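Colleague: The following block contains the structure, expressed as structure tokens.
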Number of protein chains: 2
Amino acid sequence: MTARKPAVVLLSGGLDSSTVLAWAAKEGFELCALTINYGQRHAFELEAARKVARAFQVARHVELAIDLRAFGSSALTAEIEVPKDRPAEAIAHGIPVTYVPARNTVLLSLALAWAETLGAFDIALGVNCVDYSGYPDCRPEFLNAFEMLANLATQAGVEGRGKFRVHAPLIQLTKEEIITLGLSLGVDYGLTHTCYDPTPAGLSCGRCDACTIRLQAFHKLNLKDPAPYA
Amino acid sequence: MTARKPAVVLLSGGLDSSTVLAWAAKEGFELCALTINYGQRHAFELEAARKVARAFQVARHVELAIDLRAFGSSALTAEIEVPKDRPAEAIAHGIPVTYVPARNTVLLSLALAWAETLGAFDIALGVNCVDYSGYPDCRPEFLNAFEMLANLATQAGVEGRGKFRVHAPLIQLTKEEIITLGLSLGVDYGLTHTCYDPTPAGLSCGRCDACTIRLQAFHKLNLKDPAPYA
């Protein structure tokens with residue numbers, strides 16, 4: 001019996017990253033979940049990440065706090081009003097108001113630091129360029145550039161002990177396809193949290209961009225979203 | 001009169017990064033100093049960064065805490081013994097025990113996040129491939145790869161509003177050349193902190209790798225290091 005290869009999986013607790021965790025389990029990786037708290041408004045997403053990590057019996061789960069609010073703002077990290085009731089078509093175009101500067105670069109660099117410490121060469125994340133076409137750091141060319149950087153940046157990469165790979169298994173999938181994949185891999189989407197603006201009790205608003213895209217996908221699949229809504 | 005262009009300068013409070021801050025001032029940039037506390041053993045380096053930032057009257061100084069100890073260890077961030085009394089020649093070869101996984105990738109990605117928020121396209125840091133040849137993320141090819149990544153990763157880069165540049169003005173300089181440059185630009189090296197293992201009162205040990213390289217350089221220049229030693 002050979003030991004399973006470890007993979008660092010960026011796990012926010014949302015629908016996409018939870019699906020990626022299930023994908024990594026299916027691929028046979030030893031799951032090392034990394035949750036970065038970059039100063040979100042609410043703790044429900046972190047709680048969701050813990051529940052999902054537990055459900056998939058990850059080998060390790062590190063939560064790392066880094067307060068990107070020190071740099072300024074975006075709707076996800078500061079007190080800007082979250083847009084509501086925008087149609088899905090409007091959400092798909094242009095750079096969203098919820099854009100966080102260099103977010104995926106920061107998340108991947110932290111994943112890389114942990115991967116090198118663990119002796120892991122695989123990093124997986126739930127980026128997707130279908131529903132959020134406006135994020136520059138969700139495109140394949142960005143991920144390829146990061147992969148190249150990772151192999152230049154590290155002792156492990158330079159010494160040729162392995163080759164870092166960035167896995168983005170959802171990158172070309174629609175939200176319906178992501179949900180279909182996740183359900184086939186046993187994801188309980190009732191544990192995941194997507195909403196940008198939940199109630200104090202943790203119920204999703206159902207009206208922000210993230211809720212709109214999620215609800216529309218479940219609706220198209222003729223499924224009921226098991227997450228709790230206000 | 002045109003406004004000065006902002007630059008994000010990674011400032012640890014050490015000799016190299018303080019020299020880079022002086023270089024950026026000389027180049028006419030508006031100075032935005034970024035100090036990352038990634039879980040160092042002691043606060044003297046942070047205090048040095050504050051003193052140096054004040055001395056150069058930076059426009060902004062952000063200190064950001066991120067505890068990389070969550071990932072595991074290196075001599076800089078954990079309770080591993082700092083090597084002492086190694087000759088400079090031994091220090092220059094191989095990957096140092098004080099290697100921090102993916103450190104410069106993490107630091108640069110955070111600098112990029114702040115730069116994008118500020119509307120800055122220039123990032124400067126004190127990497128050097130002469131004294132620490134063993135660090136893979138101090139090489140020009142790494143910095144070039146990061147520059148490419150930055151322009152793919154960001155809204156500002158993708159929209160062509162500017163082109164991100166990573167400045168590493170010390171990369172080919174010896175420690176003596178760095179000190180000579182810094183002195184010509186008005187750096188007070190008495191404010192800077194280099195030691196890996198200071199006394200509780202903040203005096204430098206004079207025997208760790210960092211102190212050895214620094215002291216040797218001042219000695220070769222026939223200068224007295226103005227920093228306080230035990």
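Residue numbering restarts at 1 for every chain of the structure tokens, chains are lettered A, B, ... in their displayed order, and ligands are numbered from 1 as they appear.
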Go through region 49-205 of chain A and collect every residue that DSSP, computed from the backbone, puts in strand (DSSP E); the answer should be as a list in words.
Modeller: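 After running DSSP on the backbone, region 49-205 of chain A has strand (DSSP E) at Arg60, His61, Val62, Glu63, Leu64, Ala65, Asp122, Ile123, Ala124, Arg165, Val166 and His167 of chain A.
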Colleague: Residues of the last selection are to be written out with N, CA and C atoms, as a compact mmCIF listing (two decimals), in the first residue's frame.
Modeller:
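Saved file again00.txt follows:
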```txt
# COMPACT_ATOMS: atom_id res chain seq x y z
N ARG A 60 -5.93 17.18 7.32
CA ARG A 60 -5.53 18.42 8.00
C ARG A 60 -6.43 19.54 7.56
N HIS A 61 -6.67 20.47 8.47
CA HIS A 61 -7.40 21.68 8.12
C HIS A 61 -6.74 22.86 8.82
N VAL A 62 -6.16 23.75 8.05
CA VAL A 62 -5.55 24.95 8.63
C VAL A 62 -6.42 26.15 8.29
N GLU A 63 -6.71 26.94 9.31
CA GLU A 63 -7.39 28.22 9.09
C GLU A 63 -6.38 29.32 9.34
N LEU A 64 -6.26 30.21 8.40
CA LEU A 64 -5.26 31.26 8.50
C LEU A 64 -5.94 32.61 8.36
N ALA A 65 -5.67 33.48 9.32
CA ALA A 65 -6.29 34.81 9.27
C ALA A 65 -5.32 35.81 8.66
N ASP A 122 0.57 19.40 -5.20
CA ASP A 122 -0.73 19.61 -5.83
C ASP A 122 -1.55 20.61 -5.02
N ILE A 123 -2.10 21.59 -5.73
CA ILE A 123 -2.93 22.62 -5.12
C ILE A 123 -4.22 22.65 -5.94
N ALA A 124 -5.34 22.65 -5.26
CA ALA A 124 -6.62 22.67 -5.98
C ALA A 124 -7.48 23.82 -5.47
N ARG A 165 1.53 21.51 -9.41
CA ARG A 165 0.40 21.62 -10.31
C ARG A 165 -0.75 22.33 -9.61
N VAL A 166 -1.38 23.24 -10.35
CA VAL A 166 -2.56 23.92 -9.85
C VAL A 166 -3.77 23.29 -10.55
N HIS A 167 -4.65 22.70 -9.78
CA HIS A 167 -5.83 22.03 -10.33
C HIS A 167 -7.05 22.94 -10.17
```
Colleague: Chain A near chain B within 9 Å: what's each residue's closest atom pair and its distance in Å to one decimal, counting only C-alpha atoms, ordered by chain then ascending residue number, as a tab-separated table?
Modeller:
```
residue	atom	partner	partner_atom	distance
A:Val62	CA	B:Ala70	CA	7.0
A:Glu63	CA	B:Ala70	CA	8.0
A:Leu64	CA	B:Ala70	CA	7.1
A:Ala65	CA	B:Ile66	CA	6.5
A:Ile66	CA	B:Ile66	CA	5.4
A:Asp67	CA	B:Leu64	CA	7.3
A:Leu68	CA	B:Leu64	CA	8.2
A:Ala70	CA	B:Val62	CA	7.0
A:Phe71	CA	B:Trp114	CA	5.3
A:Gly72	CA	B:Thr117	CA	6.4
A:Ser73	CA	B:Thr117	CA	7.7
A:Ile95	CA	B:Gln155	CA	7.7
A:Tyr99	CA	B:Gln155	CA	8.9
A:Val100	CA	B:Ala113	CA	8.1
A:Pro101	CA	B:Ala113	CA	5.0
A:Ala102	CA	B:Ala113	CA	4.8
A:Arg103	CA	B:Ala113	CA	7.2
A:Asn104	CA	B:Ala153	CA	7.9
A:Thr105	CA	B:Ser109	CA	5.8
A:Val106	CA	B:Ser109	CA	5.1
A:Leu107	CA	B:Ser109	CA	8.8
A:Leu108	CA	B:Val106	CA	8.7
A:Ser109	CA	B:Val106	CA	5.1
A:Leu110	CA	B:Val106	CA	6.2
A:Leu112	CA	B:Ala102	CA	6.5
A:Ala113	CA	B:Ala102	CA	4.8
A:Trp114	CA	B:Phe71	CA	5.3
A:Ala115	CA	B:Pro101	CA	8.7
A:Glu116	CA	B:Pro101	CA	6.1
A:Thr117	CA	B:Gly72	CA	6.4
A:Leu118	CA	B:Phe71	CA	8.1
A:Gly134	CA	B:Gln155	CA	8.6
A:Tyr135	CA	B:Gln155	CA	7.5
A:Pro136	CA	B:Ala153	CA	5.6
A:Asp137	CA	B:Ala153	CA	4.6
A:Cys138	CA	B:Ala153	CA	8.3
A:Arg139	CA	B:Ala153	CA	8.7
A:Glu141	CA	B:Leu152	CA	7.4
A:Phe142	CA	B:Leu152	CA	5.6
A:Leu143	CA	B:Leu149	CA	8.8
A:Ala145	CA	B:Leu149	CA	5.6
A:Phe146	CA	B:Leu149	CA	6.5
A:Met148	CA	B:Ala145	CA	7.4
A:Leu149	CA	B:Ala145	CA	5.6
A:Ala150	CA	B:Ala102	CA	8.2
A:Leu152	CA	B:Phe142	CA	5.6
A:Ala153	CA	B:Asp137	CA	4.6
A:Thr154	CA	B:Pro136	CA	5.8
A:Gln155	CA	B:Pro136	CA	6.0
A:Gly157	CA	B:Pro136	CA	8.9
A:Val158	CA	B:Pro136	CA	6.8
```
Colleague: Please write the residues from the selection above to a file, keeping N, CA and C atoms, as a compact mmCIF listing (two decimals), in the first residue's frame.
Modeller:
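Written output follows (result19.txt):
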```
# COMPACT_ATOMS: atom_id res chain seq x y z
N VAL A 62 -6.16 23.75 8.05
CA VAL A 62 -5.55 24.95 8.63
C VAL A 62 -6.42 26.15 8.29
N GLU A 63 -6.71 26.94 9.31
CA GLU A 63 -7.39 28.22 9.09
C GLU A 63 -6.38 29.32 9.34
N LEU A 64 -6.26 30.21 8.40
CA LEU A 64 -5.26 31.26 8.50
C LEU A 64 -5.94 32.61 8.36
N ALA A 65 -5.67 33.48 9.32
CA ALA A 65 -6.29 34.81 9.27
C ALA A 65 -5.32 35.81 8.66
N ILE A 66 -5.84 36.62 7.77
CA ILE A 66 -5.03 37.68 7.19
C ILE A 66 -5.99 38.80 6.81
N ASP A 67 -5.81 39.92 7.43
CA ASP A 67 -6.83 40.95 7.30
C ASP A 67 -6.55 41.89 6.14
N LEU A 68 -7.06 41.50 4.96
CA LEU A 68 -6.81 42.32 3.77
C LEU A 68 -7.51 43.68 3.84
N ALA A 70 -6.80 45.84 5.75
CA ALA A 70 -5.73 46.81 5.98
C ALA A 70 -5.37 47.57 4.71
N PHE A 71 -5.67 46.98 3.56
CA PHE A 71 -5.29 47.58 2.27
C PHE A 71 -6.37 48.47 1.67
N GLY A 72 -7.57 48.40 2.21
CA GLY A 72 -8.66 49.12 1.57
C GLY A 72 -9.82 48.18 1.42
N SER A 73 -10.59 48.30 0.37
CA SER A 73 -11.91 47.72 0.47
C SER A 73 -12.39 47.01 -0.78
N ILE A 95 -16.24 43.45 -14.28
CA ILE A 95 -15.59 43.10 -13.03
C ILE A 95 -16.57 43.37 -11.88
N TYR A 99 -15.06 42.29 -6.26
CA TYR A 99 -13.67 41.98 -6.60
C TYR A 99 -12.73 42.28 -5.43
N VAL A 100 -11.88 41.33 -5.10
CA VAL A 100 -10.87 41.54 -4.07
C VAL A 100 -9.51 41.59 -4.76
N PRO A 101 -8.78 42.68 -4.62
CA PRO A 101 -7.52 42.81 -5.37
C PRO A 101 -6.59 41.62 -5.15
N ALA A 102 -6.15 41.07 -6.25
CA ALA A 102 -5.12 40.01 -6.24
C ALA A 102 -5.49 38.84 -5.34
N ARG A 103 -6.78 38.62 -5.14
CA ARG A 103 -7.18 37.60 -4.17
C ARG A 103 -6.61 36.22 -4.47
N ASN A 104 -6.78 35.75 -5.68
CA ASN A 104 -6.31 34.38 -5.95
C ASN A 104 -4.80 34.27 -5.94
N THR A 105 -4.11 35.35 -6.24
CA THR A 105 -2.64 35.34 -6.12
C THR A 105 -2.25 35.15 -4.65
N VAL A 106 -2.93 35.88 -3.78
CA VAL A 106 -2.65 35.76 -2.35
C VAL A 106 -3.00 34.35 -1.85
N LEU A 107 -4.18 33.87 -2.22
CA LEU A 107 -4.61 32.54 -1.75
C LEU A 107 -3.67 31.45 -2.26
N LEU A 108 -3.30 31.52 -3.53
CA LEU A 108 -2.42 30.49 -4.08
C LEU A 108 -1.02 30.56 -3.48
N SER A 109 -0.55 31.76 -3.19
CA SER A 109 0.80 31.85 -2.62
C SER A 109 0.82 31.24 -1.21
N LEU A 110 -0.27 31.42 -0.47
CA LEU A 110 -0.34 30.81 0.85
C LEU A 110 -0.48 29.29 0.73
N LEU A 112 0.74 27.57 -1.63
CA LEU A 112 2.08 27.11 -2.03
C LEU A 112 3.01 26.99 -0.82
N ALA A 113 2.94 27.98 0.06
CA ALA A 113 3.78 27.93 1.26
C ALA A 113 3.47 26.69 2.09
N TRP A 114 2.21 26.40 2.24
CA TRP A 114 1.84 25.21 3.02
C TRP A 114 2.22 23.93 2.26
N ALA A 115 1.98 23.93 0.96
CA ALA A 115 2.32 22.75 0.16
C ALA A 115 3.80 22.43 0.29
N GLU A 116 4.64 23.46 0.20
CA GLU A 116 6.07 23.17 0.30
C GLU A 116 6.42 22.61 1.67
N THR A 117 5.80 23.14 2.70
CA THR A 117 6.05 22.63 4.05
C THR A 117 5.63 21.16 4.19
N LEU A 118 4.52 20.83 3.55
CA LEU A 118 3.98 19.46 3.63
C LEU A 118 4.70 18.48 2.71
N GLY A 134 -15.68 38.15 -15.05
CA GLY A 134 -14.99 39.42 -14.84
C GLY A 134 -13.74 39.35 -13.97
N TYR A 135 -13.49 38.22 -13.34
CA TYR A 135 -12.32 38.13 -12.45
C TYR A 135 -11.07 37.75 -13.26
N PRO A 136 -10.10 38.62 -13.37
CA PRO A 136 -8.91 38.26 -14.16
C PRO A 136 -8.17 37.06 -13.59
N ASP A 137 -8.22 36.89 -12.26
CA ASP A 137 -7.44 35.81 -11.66
C ASP A 137 -8.22 34.50 -11.58
N CYS A 138 -9.23 34.37 -12.43
CA CYS A 138 -9.93 33.09 -12.58
C CYS A 138 -9.67 32.47 -13.95
N ARG A 139 -8.80 33.07 -14.74
CA ARG A 139 -8.58 32.57 -16.11
C ARG A 139 -7.46 31.55 -16.17
N GLU A 141 -4.98 31.31 -18.12
CA GLU A 141 -3.63 31.86 -18.32
C GLU A 141 -3.02 32.36 -17.00
N PHE A 142 -3.89 32.83 -16.11
CA PHE A 142 -3.40 33.21 -14.77
C PHE A 142 -2.91 31.98 -14.02
N LEU A 143 -3.70 30.92 -14.05
CA LEU A 143 -3.32 29.71 -13.31
C LEU A 143 -2.04 29.09 -13.87
N ALA A 145 0.37 30.73 -15.30
CA ALA A 145 1.48 31.59 -14.87
C ALA A 145 1.83 31.31 -13.42
N PHE A 146 0.80 31.04 -12.60
CA PHE A 146 1.11 30.74 -11.19
C PHE A 146 1.86 29.42 -11.06
N MET A 148 3.87 28.10 -13.18
CA MET A 148 5.25 28.34 -13.58
C MET A 148 6.02 29.02 -12.45
N LEU A 149 5.38 30.02 -11.86
CA LEU A 149 6.01 30.74 -10.74
C LEU A 149 6.33 29.78 -9.60
N ALA A 150 5.37 28.91 -9.26
CA ALA A 150 5.54 28.00 -8.13
C ALA A 150 6.78 27.12 -8.30
N LEU A 152 9.43 27.90 -9.92
CA LEU A 152 10.64 28.72 -9.80
C LEU A 152 10.85 29.21 -8.37
N ALA A 153 9.77 29.27 -7.60
CA ALA A 153 9.79 29.97 -6.31
C ALA A 153 10.28 29.12 -5.16
N THR A 154 10.27 27.83 -5.35
CA THR A 154 10.43 26.94 -4.20
C THR A 154 11.66 26.05 -4.32
N GLN A 155 12.19 25.73 -3.17
CA GLN A 155 13.27 24.78 -3.03
C GLN A 155 12.88 23.45 -3.70
N GLY A 157 10.64 22.88 -6.00
CA GLY A 157 10.51 23.01 -7.44
C GLY A 157 11.86 23.10 -8.12
N VAL A 158 12.75 23.90 -7.54
CA VAL A 158 14.06 24.13 -8.14
C VAL A 158 14.91 22.87 -8.10
```
Colleague: Tell me which protein, DNA and RNA residues are within 8 Å of region 177-193 of chain B, counting only C-alpha atoms, leaving out same-chain ones fewer than 5 positions away, and put them as a compact mmCIF listing (two decimals) with C-alpha atoms, in the first residue's frame.
Modeller:
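Dumped to selection33.txt:
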```txt
# COMPACT_ATOMS: atom_id res chain seq x y z
CA GLY B 13 13.29 46.82 8.94
CA GLY B 14 16.49 45.03 7.94
CA LEU B 15 19.50 46.46 6.17
CA ASP B 16 18.48 45.48 2.64
CA SER B 18 15.76 49.87 4.34
CA THR B 19 18.21 50.52 1.54
CA ALA B 22 15.95 54.92 0.28
CA TRP B 23 16.38 53.88 -3.37
CA LYS B 26 15.63 58.71 -4.66
CA PHE B 44 12.54 44.34 17.17
CA GLU B 45 12.41 43.98 13.42
CA ALA B 48 13.03 48.92 13.20
CA ALA B 49 10.64 49.04 10.22
CA LYS B 51 11.72 53.81 12.72
CA VAL B 52 13.03 53.55 9.18
CA LEU B 170 19.99 45.22 -4.83
CA SER B 204 22.00 41.87 18.05
CA ALA B 217 30.56 43.85 5.18
CA PHE B 218 30.99 46.81 7.54
CA ASP B 225 28.20 49.02 12.22
CA PRO B 226 26.07 51.56 14.12
CA ALA B 227 23.56 48.88 15.25
CA PRO B 228 23.71 47.86 18.92
```
Colleague: Could you work out how far CA of Leu173 (chain A) lies from CA of Arg207 (chain A), giving the answer in Å with one decimal?
Modeller: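 Interatomic distance here is 22.6 Å.
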Colleague: Between CA of Val127 (chain A) and CA of Val20 (chain A), what is the spacing in Å?
Modeller: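 So the two atoms, CA of Val20 (chain A) and CA of Val127 (chain A), lie 9.4 Å apart.
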Colleague: Do a neighbour search on Pro6 (chain B) at 8 Å with only C-alpha atoms, toss out local chain neighbours closer than 4 positions, and write the hits as a ChimeraX atom specification.
Modeller: /B:29-32,118-122
Colleague: Between B:Lys5, B:Asn37, B:Cys129, B:Tyr229, which residue has the minimum interatomic distance to Gly162 (chain B), considering only C-alpha atoms?
Modeller: B:Lys5
Colleague: Excluding Ser17 (chain B) and any residue of its chain fewer than 5 positions from it, enumerate the residues within 8 Å of it, using only C-alpha atoms, and give them as a VMD selection string.
Modeller: chain B and resid 9 to 12 125 to 126
Colleague: Env of Gln172 (chain A): 9 Å cut, atoms = only C-alpha atoms, seq-sep filter 2 positions within chain, self excluded. Answer as number ranges by chain.
Modeller: A: 128-130, 168-170, 174
Colleague: Go ahead and write the residues just picked, C-alpha atoms, as a PDB file, in the first residue's frame.
Modeller:
```
ATOM      1  CA  ASN A 128     -14.473  29.227 -12.465  1.00  0.00           C
ATOM      2  CA  CYS A 129     -14.505  31.474 -15.481  1.00  0.00           C
ATOM      3  CA  VAL A 130     -18.108  30.857 -16.546  1.00  0.00           C
ATOM      4  CA  ALA A 168      -8.940  23.967 -11.224  1.00  0.00           C
ATOM      5  CA  PRO A 169     -11.395  21.199 -12.081  1.00  0.00           C
ATOM      6  CA  LEU A 170     -14.389  23.566 -12.229  1.00  0.00           C
ATOM      7  CA  THR A 174     -21.414  26.072 -15.406  1.00  0.00           C
TER       8      THR A 174
END
```
